[in-house]
Every structure is written in structure tokens, then in C-alpha cells.
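> Next comes the structure file query_33.txt, holding compact mmCIF, C-alpha atoms.
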# COMPACT_ATOMS: atom_id res chain seq x y z
CA MET X 1 21.56 7.48 0.85
CA GLN X 2 17.76 7.84 0.86
CA PRO X 3 16.01 4.66 2.00
CA ASP X 4 13.93 2.91 -0.64
CA TRP X 5 10.64 3.23 1.27
CA PRO X 6 8.37 1.57 -1.34
CA LYS X 7 10.58 -1.53 -1.26
CA ASP X 8 10.66 -1.51 2.54
CA VAL X 9 6.88 -1.13 2.74
CA HIS X 10 6.40 -3.98 0.26
CA LYS X 11 8.63 -6.12 2.48
CA GLU X 12 6.41 -5.28 5.48
CA LEU X 13 3.29 -6.28 3.53
CA VAL X 14 4.87 -9.61 2.59
CA GLY X 15 6.03 -10.16 6.17
CA ALA X 16 2.53 -9.57 7.52
CA GLY X 17 0.95 -11.93 4.97
CA VAL X 18 -1.03 -9.27 3.12
CA SER X 19 -2.59 -10.85 0.04
CA VAL X 20 -4.93 -8.13 -1.27
CA VAL X 21 -3.79 -4.59 -2.11
CA GLY X 22 -6.51 -2.18 -3.25
CA TYR X 23 -5.47 1.14 -4.70
CA VAL X 24 -6.38 4.30 -6.48
CA PRO X 25 -3.14 5.43 -8.10
CA ASP X 26 -1.04 8.32 -6.89
CA ALA X 27 2.27 9.39 -8.33
CA GLY X 28 3.81 8.87 -4.89
CA HIS X 29 2.61 5.26 -4.82
CA LYS X 30 3.79 4.41 -8.33
CA ARG X 31 6.67 2.14 -7.33
CA LEU X 32 4.84 0.40 -4.48
CA ILE X 33 1.91 -0.33 -6.82
CA GLU X 34 4.34 -1.84 -9.34
CA LEU X 35 5.97 -3.99 -6.65
CA CYS X 36 2.58 -5.27 -5.52
CA HIS X 37 1.47 -6.06 -9.09
CA ALA X 38 4.72 -7.97 -9.67
CA ASP X 39 4.32 -10.02 -6.47
CA LYS X 40 2.54 -13.33 -7.11
CA SER X 41 1.59 -13.66 -3.44
CA MET X 42 -0.58 -10.53 -3.75
CA LYS X 43 -3.65 -9.53 -5.68
CA ALA X 44 -3.32 -5.85 -6.63
CA VAL X 45 -6.81 -4.45 -7.25
CA PRO X 46 -7.24 -1.10 -9.02
CA LEU X 47 -10.37 0.69 -7.77
CA THR X 48 -12.53 3.33 -9.45
CA THR X 49 -12.86 5.19 -6.14
CA GLU X 50 -11.24 4.77 -2.73
CA GLU X 51 -14.63 3.95 -1.22
CA GLU X 52 -14.59 0.61 -3.05
CA GLY X 53 -11.49 -0.29 -1.07
CA ILE X 54 -13.45 -0.43 2.18
CA GLY X 55 -15.84 -3.04 0.74
CA LEU X 56 -12.85 -4.95 -0.64
CA VAL X 57 -11.07 -4.98 2.73
CA ALA X 58 -14.25 -6.05 4.55
CA GLY X 59 -14.91 -8.90 2.13
CA ALA X 60 -11.32 -10.08 2.15
CA TRP X 61 -11.31 -10.23 5.96
CA LEU X 62 -14.64 -12.07 6.04
CA GLY X 63 -12.87 -14.57 3.79
CA GLY X 64 -9.79 -14.74 6.05
CA GLU X 65 -7.33 -12.62 4.06
CA LYS X 66 -5.36 -9.53 5.07
CA SER X 67 -5.33 -6.44 2.88
CA VAL X 68 -4.13 -2.83 2.71
CA LEU X 69 -5.31 0.17 0.72
CA LEU X 70 -3.07 2.68 -1.05
CA MET X 71 -4.41 6.13 -1.87
CA GLN X 72 -3.73 9.84 -2.03
CA SER X 73 -4.91 12.24 0.68
CA SER X 74 -7.76 13.57 -1.51
CA GLY X 75 -9.13 10.02 -1.68
CA VAL X 76 -9.56 9.90 2.10
CA GLY X 77 -12.48 12.27 1.61
CA ASN X 78 -14.20 9.58 -0.46
CA LEU X 79 -14.16 7.14 2.48
CA ILE X 80 -16.07 8.99 5.16
CA ASN X 81 -19.48 7.27 5.24
CA VAL X 82 -18.17 3.76 4.60
CA LEU X 83 -15.65 4.08 7.44
CA GLY X 84 -18.78 3.69 9.58
CA MET X 85 -18.86 0.00 8.59
CA VAL X 86 -15.22 -0.39 9.66
CA LYS X 87 -16.06 1.03 13.07
CA VAL X 88 -19.34 -0.83 13.63
CA CYS X 89 -17.92 -4.20 12.53
CA ARG X 90 -14.39 -3.58 13.85
CA PHE X 91 -12.82 -4.58 10.55
CA PRO X 92 -9.01 -4.42 10.60
CA LEU X 93 -7.98 -1.60 8.23
CA VAL X 94 -4.61 -0.27 7.07
CA LEU X 95 -4.53 2.79 4.82
CA VAL X 96 -1.23 3.95 3.33
CA VAL X 97 -1.83 7.53 2.24
CA THR X 98 0.50 9.76 0.25
CA MET X 99 -0.04 13.38 1.21
CA ARG X 100 -0.78 16.31 -1.05
CA GLY X 101 -1.65 19.85 -0.08
CA GLU X 102 1.38 20.17 2.18
CA ARG X 103 4.68 22.04 1.92
CA GLY X 104 5.62 22.39 -1.73
CA GLU X 105 2.10 21.93 -3.11
CA PHE X 106 1.50 23.63 -6.46
CA ASN X 107 -2.18 22.75 -6.95
CA PRO X 108 -4.61 24.70 -4.74
CA TRP X 109 -7.36 22.12 -5.33
CA GLN X 110 -5.31 19.58 -3.34
CA VAL X 111 -5.05 21.80 -0.27
CA PRO X 112 -8.50 21.60 1.38
CA MET X 113 -8.46 17.81 1.72
CA GLY X 114 -4.71 17.69 2.37
CA GLU X 115 -5.05 20.06 5.31
CA ASN X 116 -7.83 17.96 6.82
CA THR X 117 -6.83 14.37 6.03
CA ALA X 118 -5.71 13.50 9.57
CA ARG X 119 -8.70 15.24 11.14
CA VAL X 120 -11.19 13.43 8.90
CA LEU X 121 -9.63 10.06 9.66
CA GLU X 122 -9.48 10.67 13.40
CA THR X 123 -13.08 11.90 13.43
CA MET X 124 -14.08 8.55 11.89
CA SER X 125 -12.02 6.63 14.50
CA VAL X 126 -9.04 5.77 12.29
CA ALA X 127 -5.74 6.15 14.19
CA VAL X 128 -3.24 8.29 12.31
CA ARG X 129 0.52 7.74 12.12
CA GLN X 130 2.54 10.53 10.49
CA ALA X 131 5.58 9.43 8.47
CA GLY X 132 7.47 12.66 8.04
CA ASP X 133 10.58 11.23 6.41
CA ALA X 134 11.51 8.28 4.24
CA GLN X 135 13.30 6.41 7.08
CA THR X 136 10.14 6.12 9.17
CA VAL X 137 7.58 4.98 6.57
CA ALA X 138 8.14 1.22 6.76
CA GLY X 139 8.25 1.26 10.57
CA HIS X 140 4.90 3.02 10.71
CA VAL X 141 3.41 0.53 8.24
CA HIS X 142 4.77 -2.33 10.39
CA ALA X 143 3.13 -0.84 13.49
CA ALA X 144 -0.14 -0.15 11.66
CA LEU X 145 -0.36 -3.74 10.35
CA GLY X 146 0.33 -5.14 13.81
CA LEU X 147 -2.26 -2.97 15.54
CA ALA X 148 -4.88 -3.43 12.83
CA TYR X 149 -4.75 -7.21 12.75
CA GLU X 150 -3.91 -7.99 16.38
CA THR X 151 -6.39 -5.54 17.88
CA GLN X 152 -8.98 -5.22 15.07
CA GLY X 153 -8.31 -1.55 14.68
CA ALA X 154 -8.32 1.01 11.90
CA GLN X 155 -4.94 2.57 11.14
CA ALA X 156 -3.67 5.08 8.60
CA VAL X 157 -0.06 5.95 7.74
CA LEU X 158 0.24 9.40 6.20
CA ILE X 159 3.39 9.78 4.11
CA ALA X 160 4.40 13.45 4.06
CA GLN X 161 4.54 15.24 0.73
CA GLN X 162 8.20 16.05 1.34
CA VAL X 163 8.93 12.29 1.26
CA ILE X 164 7.27 12.04 -2.16
CA GLY X 165 8.89 15.29 -3.22
CA ILE X 166 6.57 16.29 -6.06
CA LYS X 167 6.64 20.03 -6.59
CA SER X 168 5.28 20.59 -10.10
CA PHE X 169 2.99 19.06 -12.70
CA GLN X 170 6.06 18.29 -14.77
CA GLU X 171 7.65 16.33 -11.91
CA GLN X 172 4.40 14.47 -11.32
CA ARG X 173 4.21 13.46 -14.98
CA ASN X 174 7.83 12.35 -14.95
CA GLN X 175 7.37 10.01 -11.94
CA MET W 1 -46.94 -12.84 -13.80
CA THR W 2 -45.06 -10.33 -11.68
CA LEU W 3 -42.23 -11.57 -9.51
CA HIS W 4 -42.27 -10.92 -5.77
CA ARG W 5 -38.95 -10.20 -4.08
CA ARG W 6 -39.33 -12.47 -1.04
CA SER W 7 -40.24 -15.53 -3.10
CA VAL W 8 -37.47 -14.73 -5.61
CA VAL W 9 -34.78 -14.50 -2.92
CA SER W 10 -36.11 -17.57 -1.08
CA GLU W 11 -35.97 -19.56 -4.32
CA LEU W 12 -32.46 -18.32 -5.15
CA LEU W 13 -31.18 -19.26 -1.66
CA ARG W 14 -33.08 -22.57 -1.38
CA ASP W 15 -30.71 -25.46 -0.57
CA ARG W 16 -27.83 -22.97 -0.71
CA GLY W 17 -25.25 -25.46 0.53
CA ASP W 18 -21.95 -23.72 1.20
CA LEU W 19 -22.84 -20.56 -0.79
CA LEU W 20 -21.50 -17.33 0.78
CA VAL W 21 -24.05 -14.49 0.68
CA VAL W 22 -23.65 -10.71 1.04
CA ALA W 23 -26.72 -8.45 1.04
CA GLY W 24 -27.03 -4.74 0.36
CA LEU W 25 -28.59 -2.53 3.00
CA GLY W 26 -32.34 -2.31 3.39
CA SER W 27 -34.83 -4.54 1.62
CA THR W 28 -32.35 -7.15 0.35
CA SER W 29 -30.97 -7.64 3.88
CA TRP W 30 -34.55 -8.27 5.04
CA ASP W 31 -35.14 -10.57 2.04
CA ILE W 32 -32.17 -12.86 2.75
CA THR W 33 -33.20 -12.99 6.41
CA ALA W 34 -36.78 -13.91 5.48
CA ALA W 35 -35.29 -16.70 3.36
CA GLY W 36 -33.58 -18.05 6.52
CA ASP W 37 -30.79 -16.36 8.47
CA SER W 38 -27.41 -18.05 8.26
CA PRO W 39 -23.97 -17.34 9.72
CA LEU W 40 -22.69 -17.51 6.13
CA SER W 41 -24.79 -14.47 5.25
CA PHE W 42 -23.44 -10.95 5.72
CA PRO W 43 -26.41 -8.58 5.62
CA THR W 44 -25.37 -4.91 5.69
CA TRP W 45 -27.17 -2.10 7.51
CA GLY W 46 -25.11 0.70 5.99
CA ALA W 47 -22.10 1.35 3.72
CA MET W 48 -24.48 1.90 0.80
CA GLY W 49 -22.85 1.04 -2.52
CA GLN W 50 -20.36 -1.48 -1.10
CA ALA W 51 -22.23 -4.80 -1.31
CA ALA W 52 -20.70 -5.85 -4.63
CA MET W 53 -17.22 -4.89 -3.42
CA ILE W 54 -17.64 -6.92 -0.21
CA GLY W 55 -18.59 -9.78 -2.50
CA LEU W 56 -15.48 -9.22 -4.62
CA GLY W 57 -13.17 -9.17 -1.58
CA LEU W 58 -14.77 -12.39 -0.37
CA ALA W 59 -14.56 -14.02 -3.80
CA LEU W 60 -10.85 -13.18 -4.07
CA ALA W 61 -10.17 -14.49 -0.54
CA GLN W 62 -12.18 -17.71 -1.09
CA PRO W 63 -11.67 -18.70 -4.73
CA LYS W 64 -13.01 -22.22 -4.10
CA ARG W 65 -16.34 -21.05 -2.68
CA ARG W 66 -19.19 -19.53 -4.64
CA VAL W 67 -20.18 -16.03 -3.57
CA CYS W 68 -23.54 -14.36 -4.23
CA VAL W 69 -24.29 -10.68 -3.64
CA VAL W 70 -28.00 -9.89 -3.34
CA THR W 71 -28.65 -6.18 -3.48
CA GLY W 72 -31.13 -3.53 -4.56
CA ASP W 73 -31.13 -1.30 -7.60
CA GLY W 74 -30.53 1.85 -5.55
CA GLU W 75 -27.59 0.25 -3.73
CA MET W 76 -26.09 -1.00 -7.00
CA LEU W 77 -26.48 2.39 -8.67
CA MET W 78 -24.48 3.99 -5.84
CA GLY W 79 -21.61 1.55 -6.40
CA MET W 80 -21.75 1.22 -10.18
CA GLY W 81 -17.97 1.67 -10.48
CA SER W 82 -17.55 -1.60 -8.60
CA LEU W 83 -18.90 -3.42 -11.68
CA ALA W 84 -15.89 -2.07 -13.59
CA THR W 85 -13.58 -3.18 -10.77
CA ILE W 86 -15.13 -6.67 -10.83
CA GLY W 87 -14.78 -6.70 -14.62
CA VAL W 88 -11.04 -6.15 -14.27
CA GLN W 89 -10.62 -8.91 -11.65
CA GLN W 90 -12.86 -11.48 -13.42
CA PRO W 91 -13.69 -13.58 -10.34
CA LYS W 92 -15.08 -16.90 -11.58
CA ASN W 93 -16.94 -17.53 -8.32
CA LEU W 94 -18.93 -14.29 -8.01
CA THR W 95 -22.55 -13.56 -8.97
CA VAL W 96 -24.23 -10.21 -8.30
CA VAL W 97 -28.04 -10.33 -8.24
CA VAL W 98 -29.93 -7.04 -8.21
CA ILE W 99 -33.49 -7.30 -6.93
CA ASP W 100 -34.80 -4.42 -9.02
CA ASN W 101 -38.10 -2.88 -7.89
CA GLU W 102 -37.13 0.45 -9.51
CA ARG W 103 -37.68 2.15 -6.14
CA TYR W 104 -35.82 3.34 -3.04
CA GLY W 105 -37.83 1.07 -0.77
CA GLU W 106 -36.67 2.34 2.62
CA THR W 107 -37.09 6.05 2.01
CA GLY W 108 -40.57 6.48 0.57
CA MET W 109 -40.56 4.42 -2.64
CA GLN W 110 -39.04 7.14 -4.82
CA ARG W 111 -38.23 6.01 -8.36
CA THR W 112 -34.61 4.99 -9.00
CA HIS W 113 -32.73 5.46 -12.26
CA THR W 114 -33.80 1.98 -13.41
CA ALA W 115 -37.42 3.23 -13.42
CA HIS W 116 -36.28 5.67 -16.12
CA GLY W 117 -34.77 2.96 -18.31
CA VAL W 118 -31.21 2.77 -16.97
CA ASP W 119 -30.17 -0.82 -17.74
CA LEU W 120 -27.90 -2.27 -15.05
CA ALA W 121 -27.32 -5.57 -16.90
CA ALA W 122 -26.13 -3.60 -19.93
CA VAL W 123 -23.79 -1.62 -17.66
CA ALA W 124 -22.47 -4.88 -16.23
CA ALA W 125 -21.92 -6.32 -19.71
CA ALA W 126 -20.08 -3.16 -20.77
CA CYS W 127 -17.89 -3.59 -17.67
CA ARG W 128 -16.82 -7.06 -18.89
CA ILE W 129 -19.01 -9.04 -16.49
CA LYS W 130 -18.97 -12.36 -18.34
CA ASN W 131 -22.63 -13.38 -18.13
CA THR W 132 -25.46 -10.89 -17.70
CA LEU W 133 -29.23 -11.25 -17.58
CA THR W 134 -32.36 -9.26 -16.93
CA VAL W 135 -35.33 -11.42 -15.97
CA GLY W 136 -38.94 -10.58 -15.23
CA LYS W 137 -40.56 -13.99 -15.08
CA ASP W 138 -38.41 -17.09 -14.81
CA ILE W 139 -35.58 -17.07 -12.28
CA GLY W 140 -34.32 -20.57 -13.11
CA ALA W 141 -31.50 -19.08 -15.16
CA VAL W 142 -30.44 -16.91 -12.20
CA ARG W 143 -30.22 -19.98 -9.95
CA GLU W 144 -28.11 -21.66 -12.61
CA MET W 145 -25.79 -18.63 -12.62
CA ILE W 146 -25.38 -18.54 -8.84
CA TYR W 147 -24.63 -22.24 -8.38
CA LYS W 148 -23.12 -23.44 -11.66
CA THR W 149 -22.02 -20.84 -14.21
CA GLU W 150 -18.41 -19.70 -14.30
CA GLY W 151 -18.44 -15.97 -13.55
CA PRO W 152 -18.30 -13.15 -13.06
CA ASN W 153 -22.10 -13.11 -13.39
CA PHE W 154 -24.73 -10.41 -13.05
CA ALA W 155 -28.52 -10.67 -13.00
CA ALA W 156 -31.16 -8.00 -12.62
CA VAL W 157 -34.45 -9.48 -11.45
CA LYS W 158 -37.41 -7.17 -12.01
CA VAL W 159 -39.84 -7.42 -9.09
CA SER W 160 -43.01 -5.61 -7.99
CA ASP W 161 -42.62 -2.53 -5.80
CA GLU W 162 -44.54 -3.91 -2.81
CA LYS W 163 -43.88 -2.72 0.74
CA LEU W 164 -43.35 -5.76 2.98
CA PRO W 165 -43.03 -6.43 6.70
CA LEU W 166 -39.46 -6.08 8.00
CA VAL W 167 -37.61 -9.32 8.75
CA LEU W 168 -34.51 -8.11 10.53
CA PRO W 169 -31.13 -9.85 10.80
CA PRO W 170 -28.81 -9.15 13.76
CA LYS W 171 -27.57 -5.57 13.55
CA ASP W 172 -24.41 -5.79 15.67
CA GLY W 173 -21.67 -5.56 13.05
CA VAL W 174 -19.09 -7.35 15.21
CA LEU W 175 -21.48 -10.27 15.65
CA LEU W 176 -22.22 -10.46 11.91
CA LYS W 177 -18.50 -10.41 11.11
CA ALA W 178 -17.45 -12.87 13.81
CA ARG W 179 -20.17 -15.43 13.14
CA PHE W 180 -19.41 -15.35 9.40
CA ARG W 181 -15.67 -15.87 9.96
CA ARG W 182 -16.22 -18.67 12.48
CA ALA W 183 -18.65 -20.48 10.20
CA LEU W 184 -16.29 -20.13 7.23
CA LEU W 185 -12.84 -20.41 8.80
CA GLY W 186 -13.47 -22.47 11.93
CA ASP W 187 -10.99 -22.15 14.79
CA SER W 188 -8.59 -20.02 12.79
CA ALA W 189 -11.17 -17.20 12.74
CA ASP W 190 -10.51 -15.93 16.25
CA VAL W 191 -6.73 -16.00 16.62
CA LEU W 192 -4.21 -15.05 13.94
CA PRO W 193 -1.91 -17.88 12.82
CA GLU W 194 1.15 -15.94 14.04
CA GLU W 195 -0.40 -15.50 17.49
CA ARG W 196 -0.92 -19.21 18.13
Now, as a test, write the supplied structure out as C-alpha cells.


Amino acid sequence: MQPDWPKDVHKELVGAGVSVVGYVPDAGHKRLIELCHADKSMKAVPLTTEEEGIGLVAGAWLGGEKSVLLMQSSGVGNLINVLGMVKVCRFPLVLVVTMRGERGEFNPWQVPMGENTARVLETMSVAVRQAGDAQTVAGHVHAALGLAYETQGAQAVLIAQQVIGIKSFQEQRNQ
Amino acid sequence: MTLHRRSVVSELLRDRGDLLVVAGLGSTSWDITAAGDSPLSFPTWGAMGQAAMIGLGLALAQPKRRVCVVTGDGEMLMGMGSLATIGVQQPKNLTVVVIDNERYGETGMQRTHTAHGVDLAAVAAACRIKNTLTVGKDIGAVREMIYKTEGPNFAAVKVSDEKLPLVLPPKDGVLLKARFRRALLGDSADVLPEER
């Protein structure tokens, strides 16, 4: 049986005491977003652009609260300049990124950012953890939360497109 | 009588009590420092467009404290979507004040969109910010907003486009973060609860 990774990730967020979850929706994050909205211990915050999430995380930490950001790989491109604040201030940061532009992609406009997501993050000093299958996602999120908040580091978990398994517009709409 | 940014910000932050303050990069960071540096101020030196979102994160994390973002028109224009995000969250303890000189003050005083009639308070109102104001003379109502009115609140304060001496806050980001957290959270700022 396939592990229910959104449920497992939500459990990790609860376990770590995450109280703010910023997101720009992605089909691959649909269930995790729903779980976070339904959880009264969390504030799920829809953003107009991923960049807003960095301000949200910074402010929440200044106020003593832990947060994570959920986004699609294309959204990582929207973060580049503001990741400078994360580095200069050593704000703890956990990004949970669903990948597009990988094996099975049907939309060529997703490929340029998908092919460079890890490189962009690493260039801006965000450590990248690749979750290539559903069994490993929650473990990577656990590790990322620990490292981010215990060592004031910036961490990203990239969830492979094959875990999400979207291969057509129709499948994406049916999520 | 034209308003001057330094006296406006000094008046808004006079006797600020336990108010938490975030400033946008450039002139508004110098303004809040000229008004008196405080560990409960977080002046930014970069991340243009994020001041209001830092304020929102702080307001959500500290619902019992009042939070004031002081930023410029150029900085607010870059993060205009954050007004919509604040409108969705409806934080009662957040006020965003734009010190609007209609210029990019750090880069050669080029005209911003507000110099061409773009109305940030109208944008904020359309984004469901509960109380919105544009003022050009009397800032008493803005003080009232910051310290008393249930938010979310937004005020644009029209000021002259003067070039002023720099009054610089610390620029080490780790210092700015750590001093803010210590002043706000006390001992719990430095070690996570689960690490004790």
C-alpha cells in the first residue's frame, strides 16, 4: 500500500509545533493544504505569491512561532531575492516543494524552473533534500524541521513529480 | 502645511509602549531609527516588498500585541499582493502605515506610481483592509489607528519629498533578529522549549 504522505507530513508539522503554514496551491499539495486548514492548532495562510511566504516566516519567527511554506517548483523562482533576508538574518526556513518539470511532465512551461529548482535553492544557501518516493517524504520533512529550528538553517524538501503522479491536465484538474 | 517624514514617524512612535514595529527598507528604516532605535523594531535593509508580510507573520504569532509596519510607497507597491493576503487573514492587531513621498528616495528620487495617482489606501480598502485612510495634514487619526483601532488598518501619509541625512540602525540581520526575539520573548528566545 502507498503511504499517505500528506497525512504523515501533517503529523510531522504537528509534532514539531508548527503553527503557521503559508502556501501557494499546487495540485500535489491539495490534501496537505486541506489537512492544515482543518487543524485548529495551525493558521493556514494562502499567499498571492511565494515571495510573501518569506516575510510571513520571518515575522512569525520574530514573534516566536514556527512555520513552513508549501509551494510548487515554479514558485521557488519567485523567492530568489528575498532568500537573501533568510541568509543574512539566519531565519529558520522549511520549504516543502512539489516538483514539476520532471519525468512525466506534459507542460513545457514547467520544465525550465523544474530543472533548476535544486540549483536555485542551493545557490541561495538553502539545503535541498530530495524525496524521490512517497515513503521518504515525511522523514525528510522531519529532518528539515529539526535542522531548520535547532540550527537556524534554511531547508527545502523537494517531492518528486513521480510521487505526485500528475501526467496530464485532466489528471491535474481531477486531483 | 506639508508633512515631514521624520516628524511624522517620531510622532507616530512617541510613547510607543509595547508596540512592535517593522520598517521597510531605505528611508522608513532610517525614519524609525531617527525616532529612537528599539530592540522591538525590526528595520529591514533588503527583501523589498516584504515589510507588510513580516508584520502579518508577527501579528499572527503575537495576537495580543499591536504591530505597526512603517514602510515607503515604493516598498508597498512591490508587495501590493500582501494587502490581499492581510485582507484574507483580518489581523485585528496590525496597522500598515505608508510614508508616501511619491518617490524612490534611495535611488535618485524617481517618481513612484503614487505620483501618477495610484491610490494605495483605495487598494487596501478593496483588499478588505477594515479601516483605511489617506492623510496629508493631521496624523492624529493615524496614531489612533496604530494604538487603539481594531484592525486590520492601513494609512497612507503624504509627506514632502525631502532628502534627509541617514540615521542608520544596526545592519547585522542576526543581531536585529536576536535582539527583537529576546526583547519580546525573554529567555525562551534563545533555546527551543524542546531543547531545555

> Starting from chain W, keep only residues with some atom at most 6 Å from an atom of chain X, counting all atoms listed in the file, and report them as a ChimeraX atom specification.

/W:47,50,53-55,57-58,61-62,81,85,173-174,181

> Suppose you want the space between atom CA of X:Pro3 and atom CA of X:Leu35; what is it in Å?

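So the answer is 15.8 Å.
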
> At a cut-off of 12 Å, using only C-alpha atoms, what residues contact W:Leu12? Leave out same-chain residues fewer than 6 positions from it and give the result as a list of chain:residue names.

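The neighbour list is W:Arg5, W:Arg6, W:Leu19, W:Val21, W:Asp31, W:Ile32, W:Ala35, W:Gly36, W:Cys68, W:Val69, W:Val70, W:Thr95, W:Val96, W:Val97, W:Val98, W:Ile99, W:Asp138, W:Ile139, W:Gly140, W:Ala141, W:Val142, W:Arg143, W:Glu144, W:Met145, W:Ile146, W:Tyr147, W:Ala155, W:Val157.
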
> Might you pull out every residue within 12 Å of X:Ala38, with all atoms listed in the file counted and same-chain residues fewer than 6 positions away left off, and present them as a PyMOL selection string?

chain X and resi 10+21+31-32+44

> Let me see the file: selected residues, C-alpha atoms, as a PDB file, in the coordinates of the input.


ATOM      1  CA  HIS X  10       6.400  -3.980   0.260  1.00  0.00           C
ATOM      2  CA  VAL X  21      -3.790  -4.590  -2.110  1.00  0.00           C
ATOM      3  CA  ARG X  31       6.670   2.140  -7.330  1.00  0.00           C
ATOM      4  CA  LEU X  32       4.840   0.400  -4.480  1.00  0.00           C
ATOM      5  CA  ALA X  44      -3.320  -5.850  -6.630  1.00  0.00           C
TER       6      ALA X  44
END

> What is the distance, in Å and to one decimal place, between atom CA of W:Pro165 and atom CA of W:Asp100?

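Separating atom CA of W:Pro165 from atom CA of W:Asp100 is a distance of 17.9 Å.
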
> How far is it from atom CA of W:Leu77 to atom CA of W:Gly49, in Å with one decimal?

7.3 Å

> Can you tell me which residues surround X:Ala148 at a distance of at most 9 Å, considering all atoms listed in the file, apart from same-chain residues fewer than 6 positions away, and format the answer as a list of chain:residue names?

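Here the answer would be X:Phe91, X:Pro92, X:Leu93, X:Val94, X:Ala154, X:Gln155.
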
> Hey, which of W:Lys92, W:Leu184, W:Asp37, W:Leu3 ends up closest to W:Asp18? Count only C-alpha atoms.

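Counting only C-alpha atoms, the residue closest to W:Asp18 is W:Leu184.
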
> As lines of an AutoDock Vina configuration file, please: the centre and edge lengths in Å, to one decimal, of an axis-aligned box enclosing every listed atom of stretch 45-58 of chain W with 3 Å added on each side.


center_x = -20.2
center_y = -5.2
center_z = 1.4
size_x = 20.0
size_y = 20.3
size_z = 18.1

> Please identify all polymer residues within 8 Å of W:Asn131, counting only C-alpha atoms, omitting same-chain residues fewer than 6 positions from it, and present them as number ranges by chain.

W: 125, 151-154

> Could you pull the residues within 12 Å of W:Trp30, counting all atoms listed in the file, minus those fewer than 5 positions along the same chain, as a compact mmCIF listing (two decimals) with C-alpha atoms, in the frame of the given file?


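File written: around_34.txt
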# COMPACT_ATOMS: atom_id res chain seq x y z
CA ARG W 5 -38.95 -10.20 -4.08
CA ARG W 6 -39.33 -12.47 -1.04
CA VAL W 9 -34.78 -14.50 -2.92
CA SER W 10 -36.11 -17.57 -1.08
CA VAL W 22 -23.65 -10.71 1.04
CA ALA W 23 -26.72 -8.45 1.04
CA GLY W 24 -27.03 -4.74 0.36
CA LEU W 25 -28.59 -2.53 3.00
CA ALA W 35 -35.29 -16.70 3.36
CA GLY W 36 -33.58 -18.05 6.52
CA ASP W 37 -30.79 -16.36 8.47
CA SER W 41 -24.79 -14.47 5.25
CA PHE W 42 -23.44 -10.95 5.72
CA PRO W 43 -26.41 -8.58 5.62
CA THR W 44 -25.37 -4.91 5.69
CA TRP W 45 -27.17 -2.10 7.51
CA VAL W 70 -28.00 -9.89 -3.34
CA THR W 71 -28.65 -6.18 -3.48
CA GLY W 72 -31.13 -3.53 -4.56
CA GLY W 105 -37.83 1.07 -0.77
CA GLU W 106 -36.67 2.34 2.62
CA LYS W 163 -43.88 -2.72 0.74
CA LEU W 164 -43.35 -5.76 2.98
CA PRO W 165 -43.03 -6.43 6.70
CA LEU W 166 -39.46 -6.08 8.00
CA VAL W 167 -37.61 -9.32 8.75
CA LEU W 168 -34.51 -8.11 10.53
CA PRO W 169 -31.13 -9.85 10.80
CA PRO W 170 -28.81 -9.15 13.76
CA LYS W 171 -27.57 -5.57 13.55

> Go through W:Gly74, W:His4, W:Ser38, W:Lys64 and flag the residue nearest W:Gly136, using all atoms listed in the file for the distances.

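Using all atoms listed in the file, the shortest distance to W:Gly136 belongs to W:His4.
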